[in-house]
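Enquirer: This is the structure, below, for whatever I ask next.
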Amino acid sequence: MKKVFVKISAALLLPALLLAFALAFFSCENFVNSNNSVGFGGYQFPQATAVAGKVASNLYLANGKKYLQLETVYLAGWEDVPFLSFEDVCLFISGANDRGWQCEKSGFVYKYKYNPENCTDDQGHYWPSEWDGDELCFDFLNQTVYSDDFCRIITSIVSLNNGIGVMPVVSIEQASELSPKVVESSFTTQVKTKEKTEIRLGDYGLKMFVIDNVLYVPFQPLAAIFLPIGSCSFSGTDYYFDVTSAGDDYATLRAYEFGRKNSPARSQLMAEYNYRTLCMTFDLNYSLKDRRTVVGKENIASFNDSIFAAGLGFDLLSADTDTYDLALGKFLMNYIDDSHTAYYAPSLYQPHSQVDYYYIHVMRDFAGPREQRMRVVEDRIKELRESAGGAPGLYYVKEGDYEKMAVVAFDGFVEYDPSSVPNPPPADKWDELSELNTYAFFKAAFVDIANHSSVDKVVLDLSCNGGGSVKQCVVALSFLKDCEQLYLPIRNILDKSITKYYFDIRDENGNKLAKTGYDFYVLTSDFSFSCGNAFPAQCKYQGLAKVIGVQSGGGASVVKNTQSADGALFRTSSAMEMVAFDNGSPICVDAGVPVDLEIPREKFYSGATLYQDLYGIIKDSGL
């Protein structure tokens with residue numbers, strides 16, 4: 001029995017957690033029990049009985065900091081496919097969940113198990129032991145990875161709530177002028193309890209091998225699927241956590257780009273491996289695949305069948321680099337077309353000179369109907385607002401000599417580094433503040449509104465809001481209702497659970513944020529998207545505010561970046577989907593939130609003064 005225990009600092013917990021989410025799921029085998037119908041032509045991957053080579057690799061975080069040293073293993077017959085030993089997989093998991101664990105083998109099953117005897121870190125802190133029955137099983141004979149508590153196993157202790165794993169909002173327990181204290185409440189509950197998570201790699205013909213008593217796990221399919229809100233990319237030498245979020249760390253991005261092969265073709269094995277990994281990624285992780293009818297698209301039974309039905313299968317299986325990369329872009333932008341999906345970079349087979357071309361060409365020319373419509377609507381809404389003299393900011397509407405309605409207009413839920421926000425925040429420059437930090441913007445706005453005692457209506461204008469930070473969305477909601485009752489519901493397709501996450505949010509003085517004495521309204525348009533859609537959904541179905549305007553544009557999933565097995569980078573929906581509860585039943589809000597009072601776009605900003613007509617419509621409606 002081999003014990004594996006790693007403790008890392010809190011600063012590394014989230015990246016390690018997300019990477020562990022990726023690495024926790026691989027299991028293939030020498031005795032493959034597979035369904036080879038994926039793809040075409042009955043191609044079967046080779047068996048492997050020997051290690052062809054090993055290369056020292058590093059794992060880098062998004063800030064370019066080296067986190068772990070690993071050993072990338074190449075197996076005979078499997079060309080450039082990177083494998084990791086089970087020990088290295090366990091290193092990721094142990095580093096992420098902050099608990100003592102042991103790895104053991106029982107027959108054909110490799111188990112990563114809780115070890116209550118190894119729960120003290122190097123500072124003498126003893127980690128909880130409530131979940132001593134947790135285990136993650138890699139059954140290489142039956143080609144499955146399974147667990148009754150998968151999401152909890154890959155979640156760090158500091159992020160767990162009542163034993164519920166994978167929190168959508170990071171806890172911040174120290175408040176500042178620009179960051180409130182955000183703590184998950186003990187009220188958090190699973191409305192629909194979790195089910196056993198089982199991943200059937202054999203269904204895709206993907207293999208894991210045992211050679212000389214060592215279990216080898218293929219890295220890329222796992223990493224592509226099971227990171228809920230991030231990704232881990234392989235450059236051909238090293239591993240990079242969320243390279244698309246490297247920010248100003250251009251050295252990290254350049255190092256990743258070094259892996260480009262500049263090759264016009266790939267082997268059939270690499271083409272099949274990439275295709276099947278792509279199918280597995282979307283089959284198991286694309287949260288909206290069974291609910292696409294709400295936006296006028298067919299539901300998806302299997303991506304293999306759907307891709308061929310859409311006429312893209314042969315191109316996505318092509319060994320020709322240009323054919324494949326164009327097909328991938330069309331698949332993402334036109335076939336998936338959920339407006340969260342975006343194409344960042346082509347496969348690593350493309351030279352550097354092609355990266356910008358493919359990004360611009362694919363994003364623009366292959367955009368599907370939903371994406372095209374969203375772009376047109378956004379342009380039209382902003383044109384109407386600008387022509388009326390509007391912009392993000394704080395406005396007042398008078399009736400006679402008194403201000404009766406305040407409008408808080410903002411185009412995204414943003415949370416930049418607090419050091420980038422002037423201190424004190426520029427409350428007299430509302431447009432700048434709204435683009436820097438939503439919490440600081442709301443706090444300053446409501447202080448100003450309180451100084452106008454005649455105001456009794458507050459409109460939150462999300463008509464041009466394209467979404468952003470889930471945490472800032474929850475923080476903004478807490479201005480409307482006490483967070484002991486406020487919740488964010490998440491459906492997790494990995495374990496089939498539906499969880500109501502409750503939060504306790506307080507300012508730097510320990511005060512709750514909720515404002516009383518106002519009638520709240522949320523103004524939405526058919527552009528309001530993602531968190532700009534989740535916000536009005538929770539307002540409507542939790543009774544926080546009335547939704548007015550035009551039904552929102554939609555968007556219902558926590559977004560993740562991922563990488564195809566050949567290095568193409570893209571963004572799409574994750575395993576976590578935001579829902580709402582309508583009379584106790586969970587509903588998908590991807591198609592948008594129905595309004596309580598319909599108002600045409602042309603009336604949003606019009607009148608003798610900005611928003612004057614909007615005030616009259618609300619007042620006359622009696623809403």
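Identifiers in the structure tokens: chain A, B, ... in order shown; residue index from 1 per chain; ligand index from 1 in order shown.
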For the interface of stretch 87-198 of chain A with stretch 51-74 of chain A (cut-off 9 Å, counting only C-alpha atoms), please tabulate each contacting residue of stretch 87-198 of chain A alongside its nearest pair of atoms and their separation in Å to one decimal, rows sorted by chain and increasing number, as CSV.
Expert:
```
residue,atom,partner,partner_atom,distance
A:Asp88,CA,A:Leu70,CA,6.7
A:Leu91,CA,A:Leu68,CA,8.9
A:Phe92,CA,A:Leu68,CA,8.7
```
Enquirer: Next, write the just-selected residues to a file, as a PDB file, in the first residue's frame, keeping C-alpha atoms as the atom set.
Expert:
```pdb
ATOM      1  CA  ASP A  88       1.156  11.634 -10.579  1.00  0.00           C
ATOM      2  CA  LEU A  91      -0.369  14.050  -6.530  1.00  0.00           C
ATOM      3  CA  PHE A  92      -2.808  16.440  -8.196  1.00  0.00           C
TER       4      PHE A  92
END
```
Enquirer: I need the helix (DSSP H, G or I) residues of stretch 60-279 of chain A per DSSP on the backbone, written as an MDAnalysis selection string.
Expert: chainID A and resid 86:97 150:153 157:159 201:204 219:225 243:245 250:257 268:279
Enquirer: Which polymer residues have any atom within 7 Å of an atom of stretch 313-324 of chain A, counting only C-alpha atoms, with same-chain residues fewer than 6 positions away left out, as a ChimeraX atom specification?
Expert: /A:264-268,271-272,275,307,349
Enquirer: Residues at most 7 Å from stretch 429-434 of chain A, counting only C-alpha atoms, excluding those fewer than 4 positions away in the same chain, as number ranges by chain?
Expert: A: 391-394, 410, 425, 438, 441
Enquirer: Sorted by chain and rising residue number, which residues of stretch 106-225 of chain A lie within 12 Å of stretch 556-575 of chain A, and what are their closest atom pairs and distances in Å to one decimal, counting only C-alpha atoms, as a tab-separated table?
Expert:
```
residue	atom	partner	partner_atom	distance
A:Cys151	CA	A:Ala575	CA	11.1
A:Val166	CA	A:Ala575	CA	10.5
A:Met167	CA	A:Val558	CA	11.2
A:Pro168	CA	A:Val558	CA	7.9
A:Val169	CA	A:Val558	CA	10.5
A:Pro218	CA	A:Ala565	CA	10.3
A:Phe219	CA	A:Ala565	CA	8.9
A:Gln220	CA	A:Ala565	CA	5.5
A:Pro221	CA	A:Ala565	CA	6.8
A:Leu222	CA	A:Ala565	CA	9.9
A:Ala223	CA	A:Thr562	CA	7.9
A:Ala224	CA	A:Thr562	CA	5.5
A:Ile225	CA	A:Thr562	CA	7.9
```
Enquirer: Please list as a list of chain:residue names every residue within 9 Å of A:Asp504, counting only C-alpha atoms and excluding residues in the same chain fewer than 5 positions away.
Expert: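 In the requested form, the answer reads A:Lys181, A:Val182, A:Val183, A:Glu184, A:Ser185, A:Ser478, A:Asp482, A:Cys483, A:Glu484, A:Leu486, A:Lys512.
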Enquirer: From the set A:Asp203, A:Glu177, A:Glu195, A:Glu435, which residue has the shortest atom-to-atom contact distance to A:Thr144, counting only C-alpha atoms?
Expert: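 The answer is A:Asp203, which sits nearest to A:Thr144.
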Enquirer: My list of candidates is A:Arg370, A:Tyr487, A:Lys546, A:Gly412. Which is closest to A:Lys457 when distances are computed with only C-alpha atoms?
Expert: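 For A:Lys457, the nearest of the given residues is A:Lys546.
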